[in-house]
Amino acid sequence: MIYITSTIRLDEREIQEEFILSSGPGGQNVNKVATAVKLRFQVINSTSLPDDLRKRLIRLAGRRMSEDGTLIID
């Protein structure tokens, strides 16, 4: 479990991580090493979030929320 507050916990199995190439300037390892992370969290299907928090997150996510209810953070 990932503890957000004393009353909110996220099941870490609900978060997927993908290591990707980082954009922007870099040193010797630019375009060679996956140094950035893309996180995906299925807000719609999460059993960890209370309904009021889920609705607020969907409203605030903007373009980071996909059509299927997945929050994507690069």
# chains A, B, ... in the order shown; residues from 1 in each chain; ligands from 1

call {"tool": "residues_around", "arguments": {"residues": "stretch 36-43 of chain A", "least_positions_apart": "3", "cutoff": "7 Å", "atoms": "only C-alpha atoms", "output": "number ranges by chain"}}
result
A: 14-22, 46, 54, 69-74

call {"tool": "select_by_dssp", "arguments": {"residues": "chain A", "states": "helix (DSSP H, G or I)", "output": "ChimeraX atom specification"}}
result
/A:12-14,51-64

call {"tool": "closest_residue", "arguments": {"among": "A:Arg56, A:Arg63, A:Lys32, A:Arg9", "to": "A:Ile44", "atoms": "only C-alpha atoms"}}
result
A:Arg56

call {"tool": "atom_distance", "arguments": {"atom1": "atom CA of A:Arg13", "atom2": "atom CA of A:Val33"}}
result
25.4 Å

call {"tool": "closest_residue", "arguments": {"among": "A:Asp68, A:Glu12, A:Thr7, A:Ala34", "to": "A:Pro50", "atoms": "only C-alpha atoms"}}
result
A:Thr7

call {"tool": "atom_distance", "arguments": {"atom1": "atom CA of A:Arg59", "atom2": "atom CA of A:Ser6"}}
result
23.2 Å
